[in-house]
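Have a look at the structure below before the remarks.
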Amino acid sequence: MDDHGVPPHRIAAVTFTNKAAREMQTRLFGLSPEDSSALLGWSRRGQGLTVSTFHAFCSRLLRHDGDRIGLDRNFAIYDDVDQIAAVKRAMDEVGVDAKTLKPRAALSGISGAKSKLIGVEGFGLRRESYVEEIIHRVYERYEDILSQASAVDFDDLLMKTYDLLRRSPEVAAIYQDRYLHLMIDEFQDTNVAQYEIAKLIADRHRNLCVVGDPDQSIYSWRNADIGNILSFRKDFPDGRLIALEENYRSTQTILDAAQGLIAANRNRVEKDLFTEKGRGKPIAVAEGYNESEEARLVVNEAARLVRDEGFMQRDMAVMYRVNAQSRAIEEACVRHGVPYQLVGSTQFYRRQEIKDLTAYLRLGANPHDDVSLARVVNVPARRIGARTVEDLTRAAREAGSSIYTVIDAIAGGQPPVAVRARQARSLSEFHDLIEGLSKAAREKSLVDLIDLVLERTGYERYAEEQDRGEERLENLREFRNSAQDFLDMEGGGDLTDFLERISLVSDVDTMNEESDAITLITLHQAKGLEYRVVFMVGMEENILPHVRSMDDEEQMEEERRLCYVGMTRAKERLYLLRAFRRAFRGGQGPSVPSRFLGDVPRELVTPMDVDFAPPRPTAKSAPSGEPAPVRTEAEPPLAAGDKVEHAKFGPGIVVQTKPSGGDLQVTVAFKDGHGVKRLLLSFAPLEKVGA
DNA sequence: GCCTCTGGATTTTTT
DNA sequence: ATCCAGAGGC
């Protein structure tokens with residue numbers, strides 16, 4: 001890009017995650033990752049290339065110019081937990097019962113509208129069903145709650161940016177002039193609001209370049225709109241739409257497999273994937289008895305690749321459809337001493353104790369943030385219960401003020417609502433606490449503020465007394481460290497910057513690339529990443545494709561694309577695993593191999609060479625230096641018809657045996673209603689009976 | 001107001 | 001299985 005003589009600061013590139021932004025910086029300018037992470041999204045005074053996510057870009061724009069549309073510079077960004085709280089309150093206030101409409105459903109209606117830039121009024125004009133009628137009322141109230149609190153949600157970051165650019169031509173002109181070139185990565189996953197913003201910004205120089213692959217569109221549930229690609233062709237006939245067909249990543253075998261899979265989608269445009277790389281190894285497929293054995297197969301194979309084939313742990317990733325699947329993999333890693341890095345799952349900034357602490361920090365920045373206030377007003381318990389909060393909320397609403405304003409009046413001896421003396425006292429104390437935090441937020445450093453919160457609220461002691469107290473304390477400490485890091489970082493920033501930062505980081509952003517560990521990650525999160533070795537687990541009907549996509553053709557195609565995304569993350573080796581039985585919701589059930597397995601051309605596939613070597617002998621299993629028993633090929637220890645006894649399932653009869661890797665897979669029919677099970681001899685607690 | 005118990009739902013994916 | 005909301009006793 002720089003050889004075209006365009007100064008970097010005249011270019012903006014928008015990516016899907018901060019991590020992708022960082023990588024782009026690194027690639028374009030050869031900056032070290034640390035340098036670029038310092039620059040990331042915070043490029044000062046127009047210096048340097050702007051690379052960030054849509055949300056970070058918009059947030060920055062709104063902090064700078066949002067006052068033009070009446071937005072407070074210190075607006076808070078509500079995540080979905082905060083949003084649900086706000087929706088619940090809105091539903092309460094407009095008298096919608098949670099049984100009529102789930103808050104989650106209401107929110108999804110609101111979010112869907114916002115991402116199409118449909119405001120409350122617009123929604124009111126279009127509503128055409130009873131549910132939409134209700135959502136409209138909730139939407140209206142929800143917007144009031146957020147604006148009263150000077151808060152925006154994720155969708156607002158986009159929609160308000162759009163509004164601002166539309167309503168303030170001067171502001172729009174600044175950005176339109178500045179950015180000679182605008183580039184959007186992962187274009188297939190943008191929503192209407194994002195595209196409209198890009199269109200506005202590119203309106204002057206008309207240099208919009210988008211990179212995307214319709215076959216990797218996997219975020220329609222988040223309102224991504226593949227129609228943007230069609231719109232782009234129409235709106236920018238000369239614009240560049242880059243759809244990479246050459247894949248510099250994977251072996252031809254992996255590409256062919258992925259191609260075979262995705263070709264089964266009806267609703268797509270043909271394309272050929274090619275690579276300069278060789279054919280590589282076949283795709284390995286295996287079935288474990290249940291999810292823990294599936295996990296063990298993965299971990300054993302990973303260990304073998306490290307031991308025998310010179311791979312590093314960091315070259316490998318295990319990918320799954322739903323976060324819950326990570327549990328079994330994690331356990332297997334722990335058991336076998338394999339280092340792993342779990343991405344996401346229980347996202348750090350979403351943890352209860354972190355959300356609570358964050359709520360206090362937000363209150364320090366803005367005591368009128370009602371959602372944060374309601375969250376912690378009685379955490380730790382300070383005798384301000386649900387009833388009182390309800391009264392305060394009603395009073396606030398009637399006065400058109402924030403809850404804090406009501407508390408302030410009570411503390412000042414002017415209660416606008418009847419409160420008992422006892423409550424008034426508790427509220428006054430809370431009032432003093434918040435006043436103290438506001439003062440500290442203005443005068444002290446971020447870390448001092450955090451310390452003050454922990455001390456003055458008694459939160460530290462409270463967290464310790466909860467279950468998992470030690471872990472909670474540890475998280476609080478880690479949070480404090482991250483604040484310290486933030487301050488130490490070049491450029492630093494104030495409380496508002498820090499709060500913004502933690503709202504906009506995603507889990508992939510926090511991945512550690514230095515540590516030598518296997519990555520455990522969902523297929524969605526894996527988009528845009530690559531690994532030498534990829535293990536995809538849970539290749540079963542109802543998992544991938546997910547059970548919720550079963551009765552909808554469109555969603556099924558998206559599942560297939562998701563599978564495609566996973567497969568194309570692999571550079572050299574791809575493993576597809578499934579389990580014969582899988583535990584879910586307490587119970588257990590048999591499972592059916594995923595239809596996607598059948599779409600991979602057979603000739604590319606081979607059974608996984610399973611390494612059933614028992615776990616390394618430990619002190620207790622190998623006493624007196626005796627060598628571990630070696631399995632011989634001589635005689636099968638069990639055959640069909642043998643009577644056996646299982647430690648858990650009791651007596652049974654062997655139905656079938658089958659060599660499997662270095663092990664013997666035994667199918668046993670058990671008595672007493674335990675049914676037929678397939679077991680691996682070396683692991684099942686199985687004894688031969690008689691003879 | 002606070003604590004414990006119970007019944008019911010439950011997340012699929014996340015900036 | 002686990003988490004949450006609502007009920008009921010203190």
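Chain labels run A, B, ... following the order of the structure tokens; each chain numbers its residues from 1, and ligands are numbered from 1 in the order shown.
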Give me, as a PDB file with C-alpha atoms, in the first residue's frame, the residues of chain A touching chain C, with the criterion being at most 10 Å (counting only C-alpha atoms (C1' of nucleotides)).
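Final output, iface23.pdb:
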```pdb
ATOM      1  CA  ALA A 583     -23.373 -36.797  27.846  1.00  0.00           C
ATOM      2  CA  PHE A 584     -25.822 -33.943  27.825  1.00  0.00           C
ATOM      3  CA  ARG A 585     -27.922 -32.298  30.485  1.00  0.00           C
ATOM      4  CA  GLY A 586     -27.028 -34.923  33.012  1.00  0.00           C
ATOM      5  CA  GLY A 587     -28.117 -37.874  30.902  1.00  0.00           C
TER       6      GLY A 587
END
```
Contact set, chain A to chain B: 8 Å, only C-alpha atoms (C1' of nucleotides), as a ChimeraX atom specification: /A:16-17,55,154,219,221-222,321-322,383-385,504,506,524,546,548
Arg425 in chain A environment, 12 Å, only C-alpha atoms (C1' of nucleotides), sequence neighbours closer than 6 positions dropped, as a VMD selection string: chain A and resid 382 to 384 407 to 408 410 to 413 415 419 431 to 432
Output for the residues just chosen: C-alpha atoms as a PDB file, in the first residue's frame:
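The result, written out as result.pdb:
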```
ATOM      1  CA  ARG A 382     -26.173  -3.355  52.919  1.00  0.00           C
ATOM      2  CA  ARG A 383     -29.854  -3.691  53.772  1.00  0.00           C
ATOM      3  CA  ILE A 384     -31.081  -2.141  50.547  1.00  0.00           C
ATOM      4  CA  ILE A 407     -30.800   8.615  46.626  1.00  0.00           C
ATOM      5  CA  ASP A 408     -29.066  11.959  46.659  1.00  0.00           C
ATOM      6  CA  ILE A 410     -32.908  11.151  50.418  1.00  0.00           C
ATOM      7  CA  ALA A 411     -29.396  11.607  51.744  1.00  0.00           C
ATOM      8  CA  GLY A 412     -29.974  15.344  51.625  1.00  0.00           C
ATOM      9  CA  GLY A 413     -33.087  15.002  53.761  1.00  0.00           C
ATOM     10  CA  PRO A 415     -36.982  12.218  50.269  1.00  0.00           C
ATOM     11  CA  VAL A 419     -38.626   5.477  53.064  1.00  0.00           C
ATOM     12  CA  HIS A 431     -24.539   7.808  48.862  1.00  0.00           C
ATOM     13  CA  ASP A 432     -21.382   8.718  50.753  1.00  0.00           C
TER      14      ASP A 432
END
```
DSSP-assigned alpha helix (DSSP H) among range 103-294 of chain A, expressed as a PyMOL selection string: chain A and resi 103-114+120-126+130-148+154-167+169-178+192-201+227-235+252-262+291-294
Nearby residues (only C-alpha atoms (C1' of nucleotides)) at most 10 Å from Ala198 in chain A, same-chain spacing under 3 positions excluded, as a PyMOL selection string: chain A and resi 14+54+162+176+182-184+192-195+201-203+208
Strand (DSSP E) residues, from DSSP on the backbone, in range 72-245 of chain A, as number ranges by chain: A: 76-78, 151-153, 181-184, 208-211, 240-242
Range 395-401 of chain A environment, 8 Å, only C-alpha atoms (C1' of nucleotides), sequence neighbours closer than 5 positions dropped, as a PDB file with C-alpha atoms, in the first residue's frame:
```pdb
ATOM      1  CA  GLN A 148     -30.871   8.540  31.190  1.00  0.00           C
ATOM      2  CA  VAL A 406     -33.377  10.009  44.234  1.00  0.00           C
ATOM      3  CA  PRO A 416     -39.250  12.320  47.197  1.00  0.00           C
ATOM      4  CA  VAL A 417     -40.598   8.980  48.288  1.00  0.00           C
TER       5      VAL A 417
END
```
For His336 in chain A: contacts at 10 Å, only C-alpha atoms (C1' of nucleotides), fewer than 3 positions along chain excluded, given as number ranges by chain: A: 296, 299-300, 303, 330-333, 339, 615-616
Create the file for the chosen residues now, containing N, CA and C atoms and written as a CSV table (one decimal), in the first residue's frame.
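Wrote again-v6.csv, looks like this:
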```csv
chain,number,residue,atom,x,y,z
A,296,ARG,N,-9.4,-37.8,24.9
A,296,ARG,CA,-8.1,-38.5,25.1
A,296,ARG,C,-7.4,-38.9,23.8
A,299,VAL,N,-5.7,-35.7,22.7
A,299,VAL,CA,-4.6,-35.4,23.5
A,299,VAL,C,-3.4,-36.3,23.3
A,300,ASN,N,-3.7,-37.6,23.2
A,300,ASN,CA,-2.7,-38.6,22.9
A,300,ASN,C,-2.0,-38.3,21.5
A,303,ALA,N,0.2,-35.3,21.7
A,303,ALA,CA,1.4,-35.6,22.3
A,303,ALA,C,2.3,-36.4,21.4
A,330,GLU,N,-10.4,-30.1,28.2
A,330,GLU,CA,-9.6,-29.6,29.3
A,330,GLU,C,-9.2,-30.7,30.3
A,331,GLU,N,-10.2,-31.5,30.7
A,331,GLU,CA,-9.9,-32.5,31.7
A,331,GLU,C,-8.8,-33.5,31.1
A,332,ALA,N,-8.9,-33.8,29.9
A,332,ALA,CA,-7.9,-34.7,29.3
A,332,ALA,C,-6.6,-34.1,29.3
A,333,CYS,N,-6.5,-32.8,29.0
A,333,CYS,CA,-5.2,-32.1,29.0
A,333,CYS,C,-4.6,-32.1,30.4
A,339,PRO,N,-0.1,-28.8,28.3
A,339,PRO,CA,-0.5,-27.4,28.5
A,339,PRO,C,-1.5,-27.0,27.5
A,615,PRO,N,-1.6,-44.4,29.6
A,615,PRO,CA,-0.9,-43.3,30.2
A,615,PRO,C,0.5,-43.7,30.7
A,616,ARG,N,1.4,-42.8,30.7
A,616,ARG,CA,2.7,-43.1,31.2
A,616,ARG,C,2.6,-43.7,32.6
```
Pairwise distance for CA of Tyr78 in chain A and CA of Val152 in chain A, rounded to one decimal in Å: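 A separation of 6.0 Å between them.
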